[in-house]
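Novice: Got data06.cif for you, mmCIF, C-alpha atoms; chains and numbers go by the auth columns:
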data_model
loop_
_atom_site.group_PDB
_atom_site.id
_atom_site.type_symbol
_atom_site.label_atom_id
_atom_site.label_comp_id
_atom_site.label_asym_id
_atom_site.label_seq_id
_atom_site.Cartn_x
_atom_site.Cartn_y
_atom_site.Cartn_z
_atom_site.B_iso_or_equiv
_atom_site.auth_seq_id
_atom_site.auth_asym_id
ATOM 1 C CA MET A 1 8.907 2.536 -18.551 0.00 1 H
ATOM 2 C CA GLU A 2 8.542 5.846 -16.718 0.00 2 H
ATOM 3 C CA THR A 3 9.342 6.829 -13.132 0.00 3 H
ATOM 4 C CA CYS A 4 8.436 9.748 -10.911 0.00 4 H
ATOM 5 C CA TYR A 5 9.139 10.711 -7.320 0.00 5 H
ATOM 6 C CA ILE A 6 6.606 12.470 -5.125 0.00 6 H
ATOM 7 C CA GLU A 7 6.493 13.682 -1.553 0.00 7 H
ATOM 8 C CA THR A 8 4.096 12.033 0.889 0.00 8 H
ATOM 9 C CA PRO A 9 3.588 12.505 4.634 0.00 9 H
ATOM 10 C CA LEU A 10 5.663 9.329 5.088 0.00 10 H
ATOM 11 C CA GLY A 11 8.601 10.255 2.871 0.00 11 H
ATOM 12 C CA HIS A 12 9.381 10.244 -0.802 0.00 12 H
ATOM 13 C CA ALA A 13 7.594 7.668 -2.950 0.00 13 H
ATOM 14 C CA GLU A 14 8.620 6.199 -6.282 0.00 14 H
ATOM 15 C CA ILE A 15 6.004 5.370 -8.921 0.00 15 H
ATOM 16 C CA VAL A 16 6.939 3.238 -11.932 0.00 16 H
ATOM 17 C CA GLY A 17 4.700 2.420 -14.868 0.00 17 H
ATOM 18 C CA ASP A 18 3.908 2.818 -18.514 0.00 18 H
ATOM 19 C CA LYS A 19 0.952 2.738 -20.897 0.00 19 H
ATOM 20 C CA ASP A 20 0.180 -0.815 -19.720 0.00 20 H
ATOM 21 C CA GLY A 21 -0.325 0.289 -16.114 0.00 21 H
ATOM 22 C CA ILE A 22 1.407 0.957 -12.819 0.00 22 H
ATOM 23 C CA ILE A 23 4.246 -1.515 -12.152 0.00 23 H
ATOM 24 C CA SER A 24 5.133 -0.365 -8.647 0.00 24 H
ATOM 25 C CA VAL A 25 4.528 2.232 -5.966 0.00 25 H
ATOM 26 C CA SER A 26 7.088 2.209 -3.173 0.00 26 H
ATOM 27 C CA ILE A 27 8.113 4.322 -0.222 0.00 27 H
ATOM 28 C CA LEU A 28 11.792 5.213 -0.092 0.00 28 H
ATOM 29 C CA ASN A 29 13.965 5.308 2.997 0.00 29 H
ATOM 30 C CA THR A 30 16.037 8.130 1.523 0.00 30 H
ATOM 31 C CA ASN A 31 15.036 11.388 -0.076 0.00 31 H
ATOM 32 C CA GLN A 32 15.061 11.347 -3.840 0.00 32 H
ATOM 33 C CA GLU A 33 14.941 14.455 -5.982 0.00 33 H
ATOM 34 C CA LEU A 34 11.247 15.067 -6.565 0.00 34 H
ATOM 35 C CA SER A 35 9.941 14.994 -10.118 0.00 35 H
ATOM 36 C CA GLU A 36 9.295 18.392 -11.648 0.00 36 H
ATOM 37 C CA THR A 37 6.894 16.936 -14.182 0.00 37 H
ATOM 38 C CA ILE A 38 4.789 13.810 -13.885 0.00 38 H
ATOM 39 C CA PRO A 39 4.618 11.514 -16.935 0.00 39 H
ATOM 40 C CA GLU A 40 1.096 11.180 -18.324 0.00 40 H
ATOM 41 C CA SER A 41 1.039 7.418 -17.607 0.00 41 H
ATOM 42 C CA LEU A 42 1.642 8.085 -13.873 0.00 42 H
ATOM 43 C CA LEU A 43 -0.515 11.183 -13.390 0.00 43 H
ATOM 44 C CA ASP A 44 -3.664 9.363 -12.269 0.00 44 H
ATOM 45 C CA CYS A 45 -1.683 7.419 -9.650 0.00 45 H
ATOM 46 C CA VAL A 46 -0.120 10.610 -8.271 0.00 46 H
ATOM 47 C CA THR A 47 -3.527 12.311 -8.150 0.00 47 H
ATOM 48 C CA GLN A 48 -5.154 9.366 -6.335 0.00 48 H
ATOM 49 C CA LEU A 49 -2.301 9.060 -3.809 0.00 49 H
ATOM 50 C CA LYS A 50 -2.550 12.764 -2.970 0.00 50 H
ATOM 51 C CA ALA A 51 -6.313 12.409 -2.527 0.00 51 H
ATOM 52 C CA TYR A 52 -5.755 9.414 -0.214 0.00 52 H
ATOM 53 C CA PHE A 53 -3.372 11.389 1.985 0.00 53 H
ATOM 54 C CA ASN A 54 -5.805 14.331 2.011 0.00 54 H
ATOM 55 C CA GLU A 55 -8.556 11.971 3.239 0.00 55 H
ATOM 56 C CA GLU A 56 -10.503 12.508 0.013 0.00 56 H
ATOM 57 C CA ARG A 57 -10.140 8.909 -1.245 0.00 57 H
ATOM 58 C CA LYS A 58 -10.491 5.535 0.471 0.00 58 H
ATOM 59 C CA SER A 59 -9.758 3.211 -2.443 0.00 59 H
ATOM 60 C CA PHE A 60 -7.827 3.299 -5.684 0.00 60 H
ATOM 61 C CA ASP A 61 -8.994 2.847 -9.239 0.00 61 H
ATOM 62 C CA LEU A 62 -5.790 2.338 -11.195 0.00 62 H
ATOM 63 C CA LYS A 63 -4.682 0.083 -14.005 0.00 63 H
ATOM 64 C CA LEU A 64 -2.086 -2.113 -12.299 0.00 64 H
ATOM 65 C CA ASN A 65 0.485 -4.234 -14.112 0.00 65 H
ATOM 66 C CA PRO A 66 1.911 -6.464 -11.363 0.00 66 H
ATOM 67 C CA LYS A 67 5.019 -8.577 -11.864 0.00 67 H
ATOM 68 C CA GLY A 68 4.894 -11.659 -9.651 0.00 68 H
ATOM 69 C CA THR A 69 3.989 -15.311 -9.448 0.00 69 H
ATOM 70 C CA VAL A 70 0.408 -16.488 -9.877 0.00 70 H
ATOM 71 C CA PHE A 71 0.228 -17.105 -6.109 0.00 71 H
ATOM 72 C CA GLN A 72 1.585 -13.638 -5.269 0.00 72 H
ATOM 73 C CA GLN A 73 -0.946 -12.044 -7.599 0.00 73 H
ATOM 74 C CA ARG A 74 -3.766 -14.014 -5.912 0.00 74 H
ATOM 75 C CA VAL A 75 -2.642 -12.690 -2.531 0.00 75 H
ATOM 76 C CA TRP A 76 -2.385 -9.128 -3.840 0.00 76 H
ATOM 77 C CA LYS A 77 -5.899 -9.375 -5.312 0.00 77 H
ATOM 78 C CA ALA A 78 -7.187 -10.585 -1.931 0.00 78 H
ATOM 79 C CA LEU A 79 -5.513 -7.625 -0.216 0.00 79 H
ATOM 80 C CA GLU A 80 -7.600 -5.285 -2.359 0.00 80 H
ATOM 81 C CA THR A 81 -10.764 -6.645 -0.716 0.00 81 H
ATOM 82 C CA ILE A 82 -9.776 -5.460 2.788 0.00 82 H
ATOM 83 C CA PRO A 83 -11.952 -2.411 3.468 0.00 83 H
ATOM 84 C CA TYR A 84 -10.500 0.975 4.320 0.00 84 H
ATOM 85 C CA GLY A 85 -10.121 1.354 8.066 0.00 85 H
ATOM 86 C CA LYS A 86 -10.275 -2.413 8.700 0.00 86 H
ATOM 87 C CA THR A 87 -7.591 -5.001 9.399 0.00 87 H
ATOM 88 C CA ILE A 88 -7.345 -8.766 9.079 0.00 88 H
ATOM 89 C CA SER A 89 -4.740 -11.239 10.274 0.00 89 H
ATOM 90 C CA TYR A 90 -2.372 -13.229 8.106 0.00 90 H
ATOM 91 C CA LEU A 91 -4.276 -16.347 9.223 0.00 91 H
ATOM 92 C CA GLN A 92 -7.615 -14.837 8.152 0.00 92 H
ATOM 93 C CA LEU A 93 -6.085 -13.941 4.795 0.00 93 H
ATOM 94 C CA SER A 94 -4.743 -17.496 4.397 0.00 94 H
ATOM 95 C CA LYS A 95 -8.195 -18.917 5.183 0.00 95 H
ATOM 96 C CA GLN A 96 -9.795 -16.482 2.721 0.00 96 H
ATOM 97 C CA LEU A 97 -7.432 -17.858 0.063 0.00 97 H
ATOM 98 C CA GLY A 98 -8.517 -21.410 0.957 0.00 98 H
ATOM 99 C CA ASP A 99 -5.438 -22.717 2.785 0.00 99 H
ATOM 100 C CA PRO A 100 -4.875 -21.813 6.457 0.00 100 H
ATOM 101 C CA LYS A 101 -1.562 -23.716 6.364 0.00 101 H
ATOM 102 C CA ALA A 102 -0.196 -21.327 3.721 0.00 102 H
ATOM 103 C CA ILE A 103 0.186 -18.543 6.284 0.00 103 H
ATOM 104 C CA ARG A 104 3.969 -18.196 5.745 0.00 104 H
ATOM 105 C CA ALA A 105 3.609 -18.122 1.963 0.00 105 H
ATOM 106 C CA VAL A 106 0.814 -15.572 2.267 0.00 106 H
ATOM 107 C CA ALA A 107 2.942 -13.424 4.585 0.00 107 H
ATOM 108 C CA SER A 108 5.858 -13.650 2.156 0.00 108 H
ATOM 109 C CA ALA A 109 3.686 -12.638 -0.813 0.00 109 H
ATOM 110 C CA ASN A 110 2.221 -9.817 1.279 0.00 110 H
ATOM 111 C CA GLY A 111 5.742 -8.553 1.950 0.00 111 H
ATOM 112 C CA LYS A 112 6.519 -8.530 -1.771 0.00 112 H
ATOM 113 C CA ASN A 113 3.482 -6.414 -2.665 0.00 113 H
ATOM 114 C CA PRO A 114 4.790 -3.877 -5.217 0.00 114 H
ATOM 115 C CA PHE A 115 1.924 -1.412 -4.722 0.00 115 H
ATOM 116 C CA TRP A 116 2.487 0.475 -1.463 0.00 116 H
ATOM 117 C CA ILE A 117 -0.868 1.759 -0.122 0.00 117 H
ATOM 118 C CA VAL A 118 -2.664 1.119 -3.443 0.00 118 H
ATOM 119 C CA VAL A 119 -2.858 -2.599 -2.586 0.00 119 H
ATOM 120 C CA PRO A 120 -3.295 -2.285 1.186 0.00 120 H
ATOM 121 C CA CYS A 121 -0.880 -4.812 2.683 0.00 121 H
ATOM 122 C CA HIS A 122 -0.597 -2.482 5.693 0.00 122 H
ATOM 123 C CA ARG A 123 -4.068 -3.689 6.755 0.00 123 H
ATOM 124 C CA VAL A 124 -2.751 -7.190 7.548 0.00 124 H
ATOM 125 C CA ILE A 125 -1.698 -7.708 11.155 0.00 125 H
ATOM 126 C CA GLY A 126 -0.743 -10.557 13.471 0.00 126 H
ATOM 127 C CA SER A 127 -3.456 -12.796 14.944 0.00 127 H
ATOM 128 C CA ASP A 128 -2.772 -11.207 18.327 0.00 128 H
ATOM 129 C CA GLY A 129 -3.332 -7.706 16.914 0.00 129 H
ATOM 130 C CA SER A 130 0.374 -6.889 16.689 0.00 130 H
ATOM 131 C CA LEU A 131 1.876 -4.916 13.843 0.00 131 H
ATOM 132 C CA THR A 132 4.070 -7.614 12.397 0.00 132 H
ATOM 133 C CA GLY A 133 6.316 -7.033 9.427 0.00 133 H
ATOM 134 C CA TYR A 134 5.999 -4.215 6.961 0.00 134 H
ATOM 135 C CA ALA A 135 8.442 -3.473 4.160 0.00 135 H
ATOM 136 C CA GLY A 136 7.968 0.272 4.673 0.00 136 H
ATOM 137 C CA GLY A 137 8.714 0.056 8.394 0.00 137 H
ATOM 138 C CA LEU A 138 6.341 -0.505 11.298 0.00 138 H
ATOM 139 C CA HIS A 139 6.180 3.243 12.047 0.00 139 H
ATOM 140 C CA ARG A 140 4.674 3.785 8.586 0.00 140 H
ATOM 141 C CA LYS A 141 2.257 0.881 9.016 0.00 141 H
ATOM 142 C CA GLN A 142 1.058 2.406 12.308 0.00 142 H
ATOM 143 C CA TRP A 143 0.704 5.823 10.649 0.00 143 H
ATOM 144 C CA LEU A 144 -1.375 4.364 7.798 0.00 144 H
ATOM 145 C CA LEU A 145 -3.668 2.453 10.152 0.00 145 H
ATOM 146 C CA ASN A 146 -4.153 5.602 12.256 0.00 146 H
ATOM 147 C CA HIS A 147 -4.785 7.621 9.072 0.00 147 H
ATOM 148 C CA GLU A 148 -7.544 5.203 8.080 0.00 148 H
ATOM 149 C CA SER A 149 -9.054 4.867 11.527 0.00 149 H
ATOM 150 C CA GLU A 150 -12.344 6.585 12.246 0.00 150 H
ATOM 151 C CA TYR A 151 -10.923 7.147 15.735 0.00 151 H
ATOM 152 C CA LYS A 152 -7.828 9.234 15.097 0.00 152 H
ATOM 153 C CA GLN A 153 -5.138 8.898 17.752 0.00 153 H
ATOM 154 C CA GLN A 154 -4.111 12.292 18.995 0.00 154 H
ATOM 155 C CA SER A 155 -0.739 12.940 20.547 0.00 155 H
ATOM 156 C CA LEU A 156 -0.867 13.869 24.222 0.00 156 H
ATOM 157 C CA PHE A 157 2.224 16.036 23.871 0.00 157 H
#
Would you write out, as structure tokens, the structure that this file holds?
Specialist:
Amino acid sequence: METCYIETPLGHAEIVGDKDGIISVSILNTNQELSETIPESLLDCVTQLKAYFNEERKSFDLKLNPKGTVFQQRVWKALETIPYGKTISYLQLSKQLGDPKAIRAVASANGKNPFWIVVPCHRVIGSDGSLTGYAGGLHRKQWLLNHESEYKQQSLF
């Protein structure tokens, strides 16, 4: 297993993987020493993340190797179908998975998504449009949604 740390507009990110695929991409709440060299198995992920932040990429094409329950993996697969720049509610996601009553389980699986940005859990919001829950912090979720919006919010100050 190999690990690297890169800088993003939202802080330092950790990428873990090996020849079998990417195991996790996560945003850190502390600064980690950035990697001087990127392992070959992680290079494509780093390149695609940089392109995403530079607005040159709207989706990812990576070999992922998720570790989770069958249900969690179903939820994570469903997250990949949410288009760039769009959002859905946890209820809509539950219905898409065939069980509107599973909303809490879906929200829990969403929160355990090991692939920050790559599997876009930030595109799931509350039924009332609120930014509910996000492992990376709501300020990062808001930033990502603004980044993907065709109507960029400009600061007035």
Novice: With 12 Å as the cut-off and all atoms listed in the file counted, what is the closest atom pair between each nearby residue of range 19-129 of chain H and range 135-139 of chain H? Distances in Å to one decimal, ordered by chain and number, as CSV.
Specialist:
residue,atom,partner,partner_atom,distance
H:Val25,CA,H:Gly136,CA,11.4
H:Ser26,CA,H:Gly136,CA,8.1
H:Ile27,CA,H:Gly136,CA,6.4
H:Leu28,CA,H:Gly136,CA,7.9
H:Asn29,CA,H:Gly136,CA,8.0
H:Thr30,CA,H:Gly136,CA,11.7
H:Ala107,CA,H:Ala135,CA,11.4
H:Ser108,CA,H:Ala135,CA,10.7
H:Ala109,CA,H:Ala135,CA,11.5
H:Asn110,CA,H:Ala135,CA,9.3
H:Gly111,CA,H:Ala135,CA,6.2
H:Lys112,CA,H:Ala135,CA,8.0
H:Asn113,CA,H:Ala135,CA,8.9
H:Pro114,CA,H:Ala135,CA,10.1
H:Phe115,CA,H:Ala135,CA,11.2
H:Trp116,CA,H:Gly136,CA,8.2
H:Ile117,CA,H:Gly136,CA,10.2
H:Cys121,CA,H:Ala135,CA,9.5
H:His122,CA,H:Gly136,CA,9.1
H:Arg123,CA,H:Leu138,CA,11.8
H:Val124,CA,H:Leu138,CA,11.9
H:Ile125,CA,H:Leu138,CA,10.8
Novice: From the options H:Leu42, H:Leu145, H:Val119, H:Ile103, which residue's atoms come nearest to Lys86 in chain H, counting only C-alpha atoms?
Specialist: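 Answer, going by the shortest atom-to-atom distance: H:Leu145.
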Novice: What's the separation between CA of Leu49 in chain H and CA of Tyr151 in chain H, in Å to one decimal place?
Specialist: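 Separation between CA of Leu49 in chain H and CA of Tyr151 in chain H: 21.4 Å.
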Novice: Please measure the separation of CA of Leu64 in chain H and CA of Lys141 in chain H, giving the value in Å to one decimal.
Specialist: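 Atom-to-atom, CA of Leu64 in chain H and CA of Lys141 in chain H are spaced 22.0 Å apart.
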Novice: Between H:Arg104, H:Val118, H:Thr69, H:Trp143, which one has atoms that come closest to Gln48 in chain H, using all atoms listed in the file?
Specialist: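 Among H:Arg104, H:Val118, H:Thr69, H:Trp143, it is H:Val118 that comes nearest to Gln48 in chain H.
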Novice: To one decimal place, how far is CA of Lys77 in chain H from CA of Leu91 in chain H in Å?
Specialist: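 Spanning CA of Lys77 in chain H to CA of Leu91 in chain H is a straight-line distance of 16.2 Å.
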Novice: From (13.1, 15.4, -7.2), in the file's coordinates, out to 12 Å: which residues are reached, counting all atoms listed in the file? Answer as number ranges by chain.
Specialist: H: 3-7, 12-14, 30-38
Novice: If we count all atoms listed in the file and set the cut-off at 8 Å, which residues sit around Ile23 in chain H, ignoring sequence neighbours fewer than 3 positions away in its own chain? Please answer as an NGL selection string.
Specialist: :H and (15-18 or 64-67 or 114-115)
Novice: Export C-alpha atoms of the chosen residues as a short mmCIF file (atom, residue, chain, number, x, y, z; two decimals), in the coordinates of the input?
Specialist:
data_model
loop_
_atom_site.label_atom_id
_atom_site.label_comp_id
_atom_site.auth_asym_id
_atom_site.auth_seq_id
_atom_site.Cartn_x
_atom_site.Cartn_y
_atom_site.Cartn_z
CA ILE H 15 6.00 5.37 -8.92
CA VAL H 16 6.94 3.24 -11.93
CA GLY H 17 4.70 2.42 -14.87
CA ASP H 18 3.91 2.82 -18.51
CA LEU H 64 -2.09 -2.11 -12.30
CA ASN H 65 0.48 -4.23 -14.11
CA PRO H 66 1.91 -6.46 -11.36
CA LYS H 67 5.02 -8.58 -11.86
CA PRO H 114 4.79 -3.88 -5.22
CA PHE H 115 1.92 -1.41 -4.72
#
Novice: For Glu2 in chain H, which residue out of H:Lys19, H:Arg74, H:Arg140, H:His147 is the nearest one, using all atoms listed in the file?
Specialist: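 Result for the nearest residue to Glu2 in chain H: H:Lys19.
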Novice: Considering all atoms listed in the file, state which residue in the set H:Thr47, H:Asn146, H:Thr8, H:Thr81 is at the smallest distance from Gln96 in chain H.
Specialist: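 Looking at the shortest contact to Gln96 in chain H, the residue is H:Thr81.
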Novice: Using all atoms listed in the file, pick whichever of H:Pro120, H:Pro9, H:Pro100, H:Gly129 has the shortest atom-to-atom distance to Ile82 in chain H.
Specialist: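 Using all atoms listed in the file, Ile82 in chain H sits closest to H:Pro120.
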Novice: Which residue is closest to Leu144 in chain H? Choose from H:Asp99, H:Ala78, H:Leu93, H:Thr87 and count only C-alpha atoms.
Specialist: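 Selected residue with least distance to Leu144 in chain H: H:Thr87.
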Novice: Once 3 Å is added on each side, what centre and edge lengths in Å to one decimal does the axis-aligned box around all listed atoms of range 13-18 of chain H have, as JSON?
Specialist:
{"center_x": 6.3, "center_y": 5.0, "center_z": -10.7, "size_x": 10.7, "size_y": 11.2, "size_z": 21.6}
Novice: Write out as a short mmCIF file (atom, residue, chain, number, x, y, z; two decimals) with C-alpha atoms, in the frame of the given file which residues come within 8 Å of Lys63 in chain H when counting all atoms listed in the file, dropping same-chain ones fewer than 3 positions away.
Specialist:
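As a result, result28.cif now contains:
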data_model
loop_
_atom_site.label_atom_id
_atom_site.label_comp_id
_atom_site.auth_asym_id
_atom_site.auth_seq_id
_atom_site.Cartn_x
_atom_site.Cartn_y
_atom_site.Cartn_z
CA ASP H 20 0.18 -0.82 -19.72
CA GLY H 21 -0.32 0.29 -16.11
CA ILE H 22 1.41 0.96 -12.82
#
Novice: For the structure provided, state which residues fall under the PyMOL selection byres ((chain H and resi 127) around 9), and present them as a list in words.
Specialist: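 Selected by the PyMOL selection byres ((chain H and resi 127) around 9) in this file: Ile88, Ser89, Tyr90, Leu91, Gln92, Ile125, Gly126, Asp128, Gly129 and Ser130 of chain H.
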Novice: Running the PyMOL selection byres ((chain H and resi 84) around 8) on this model by hand, what would come out? Give it as a list of chain:residue names.
Specialist: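 With the shown file as input, the PyMOL selection byres ((chain H and resi 84) around 8) matches H:Lys58, H:Ser59, H:Ile82, H:Pro83, H:Gly85, H:Lys86, H:Glu148.
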Novice: How would range 42-53 of chain H read, as a CSV table (one decimal), in the coordinates of the input, once all heavy atoms are built in?
Specialist:
chain,number,residue,atom,x,y,z
H,42,LEU,N,1.6,8.2,-15.3
H,42,LEU,CA,1.6,8.1,-13.9
H,42,LEU,C,0.8,9.1,-13.2
H,42,LEU,O,0.6,9.1,-12.0
H,42,LEU,CB,3.1,8.2,-13.4
H,42,LEU,CG,4.1,7.3,-14.1
H,42,LEU,CD1,5.5,7.6,-13.5
H,42,LEU,CD2,3.7,5.9,-13.9
H,43,LEU,N,0.2,10.0,-13.9
H,43,LEU,CA,-0.5,11.2,-13.4
H,43,LEU,C,-1.7,10.8,-12.5
H,43,LEU,O,-1.9,11.3,-11.4
H,43,LEU,CB,-1.0,12.1,-14.5
H,43,LEU,CG,-1.5,13.5,-14.1
H,43,LEU,CD1,-0.4,14.2,-13.2
H,43,LEU,CD2,-1.8,14.3,-15.3
H,44,ASP,N,-2.5,9.8,-13.0
H,44,ASP,CA,-3.7,9.4,-12.3
H,44,ASP,C,-3.3,8.8,-10.9
H,44,ASP,O,-3.9,9.0,-9.9
H,44,ASP,CB,-4.5,8.4,-13.1
H,44,ASP,CG,-5.9,8.2,-12.6
H,44,ASP,OD1,-6.4,9.2,-12.0
H,44,ASP,OD2,-6.5,7.1,-12.8
H,45,CYS,N,-2.2,8.0,-10.9
H,45,CYS,CA,-1.7,7.4,-9.6
H,45,CYS,C,-1.3,8.5,-8.7
H,45,CYS,O,-1.6,8.5,-7.5
H,45,CYS,CB,-0.5,6.5,-9.9
H,45,CYS,SG,0.1,5.6,-8.5
H,46,VAL,N,-0.5,9.5,-9.1
H,46,VAL,CA,-0.1,10.6,-8.3
H,46,VAL,C,-1.3,11.3,-7.7
H,46,VAL,O,-1.4,11.6,-6.5
H,46,VAL,CB,0.8,11.6,-9.0
H,46,VAL,CG1,1.1,12.9,-8.2
H,46,VAL,CG2,2.1,10.9,-9.4
H,47,THR,N,-2.3,11.6,-8.6
H,47,THR,CA,-3.5,12.3,-8.2
H,47,THR,C,-4.3,11.5,-7.1
H,47,THR,O,-4.7,12.1,-6.1
H,47,THR,CB,-4.4,12.6,-9.4
H,47,THR,OG1,-3.7,13.3,-10.3
H,47,THR,CG2,-5.7,13.3,-9.0
H,48,GLN,N,-4.4,10.2,-7.3
H,48,GLN,CA,-5.2,9.4,-6.3
H,48,GLN,C,-4.4,9.2,-5.0
H,48,GLN,O,-5.0,9.2,-3.9
H,48,GLN,CB,-5.5,8.0,-6.9
H,48,GLN,CG,-6.5,8.1,-8.1
H,48,GLN,CD,-7.0,6.7,-8.5
H,48,GLN,OE1,-7.1,5.8,-7.8
H,48,GLN,NE2,-7.3,6.7,-9.8
H,49,LEU,N,-3.1,9.1,-5.1
H,49,LEU,CA,-2.3,9.1,-3.8
H,49,LEU,C,-2.5,10.3,-3.0
H,49,LEU,O,-2.6,10.3,-1.8
H,49,LEU,CB,-0.8,8.8,-4.1
H,49,LEU,CG,-0.5,7.4,-4.4
H,49,LEU,CD1,1.0,7.2,-4.9
H,49,LEU,CD2,-0.6,6.5,-3.2
H,50,LYS,N,-2.4,11.5,-3.7
H,50,LYS,CA,-2.6,12.8,-3.0
H,50,LYS,C,-3.9,12.9,-2.3
H,50,LYS,O,-4.1,13.3,-1.2
H,50,LYS,CB,-2.3,13.9,-3.9
H,50,LYS,CG,-0.8,14.1,-4.2
H,50,LYS,CD,-0.6,15.3,-5.1
H,50,LYS,CE,0.9,15.4,-5.4
H,50,LYS,NZ,1.3,16.6,-6.2
H,51,ALA,N,-5.0,12.4,-3.1
H,51,ALA,CA,-6.3,12.4,-2.5
H,51,ALA,C,-6.4,11.5,-1.3
H,51,ALA,O,-7.1,11.8,-0.3
H,51,ALA,CB,-7.3,12.0,-3.6
H,52,TYR,N,-5.8,10.3,-1.4
H,52,TYR,CA,-5.8,9.4,-0.2
H,52,TYR,C,-5.2,10.1,1.0
H,52,TYR,O,-5.7,10.1,2.1
H,52,TYR,CB,-5.0,8.1,-0.6
H,52,TYR,CG,-4.7,7.3,0.6
H,52,TYR,CD1,-5.6,6.3,1.1
H,52,TYR,CD2,-3.5,7.4,1.4
H,52,TYR,CE1,-5.3,5.5,2.2
H,52,TYR,CE2,-3.2,6.6,2.5
H,52,TYR,CZ,-4.1,5.7,2.9
H,52,TYR,OH,-3.9,4.9,4.0
H,53,PHE,N,-4.0,10.7,0.8
H,53,PHE,CA,-3.4,11.4,2.0
H,53,PHE,C,-4.2,12.6,2.5
H,53,PHE,O,-4.1,13.0,3.7
H,53,PHE,CB,-1.9,11.8,1.6
H,53,PHE,CG,-1.0,10.6,1.7
H,53,PHE,CD1,-0.4,10.2,0.5
H,53,PHE,CD2,-0.7,9.9,2.8
H,53,PHE,CE1,0.5,9.1,0.5
H,53,PHE,CE2,0.1,8.8,2.9
H,53,PHE,CZ,0.7,8.4,1.7
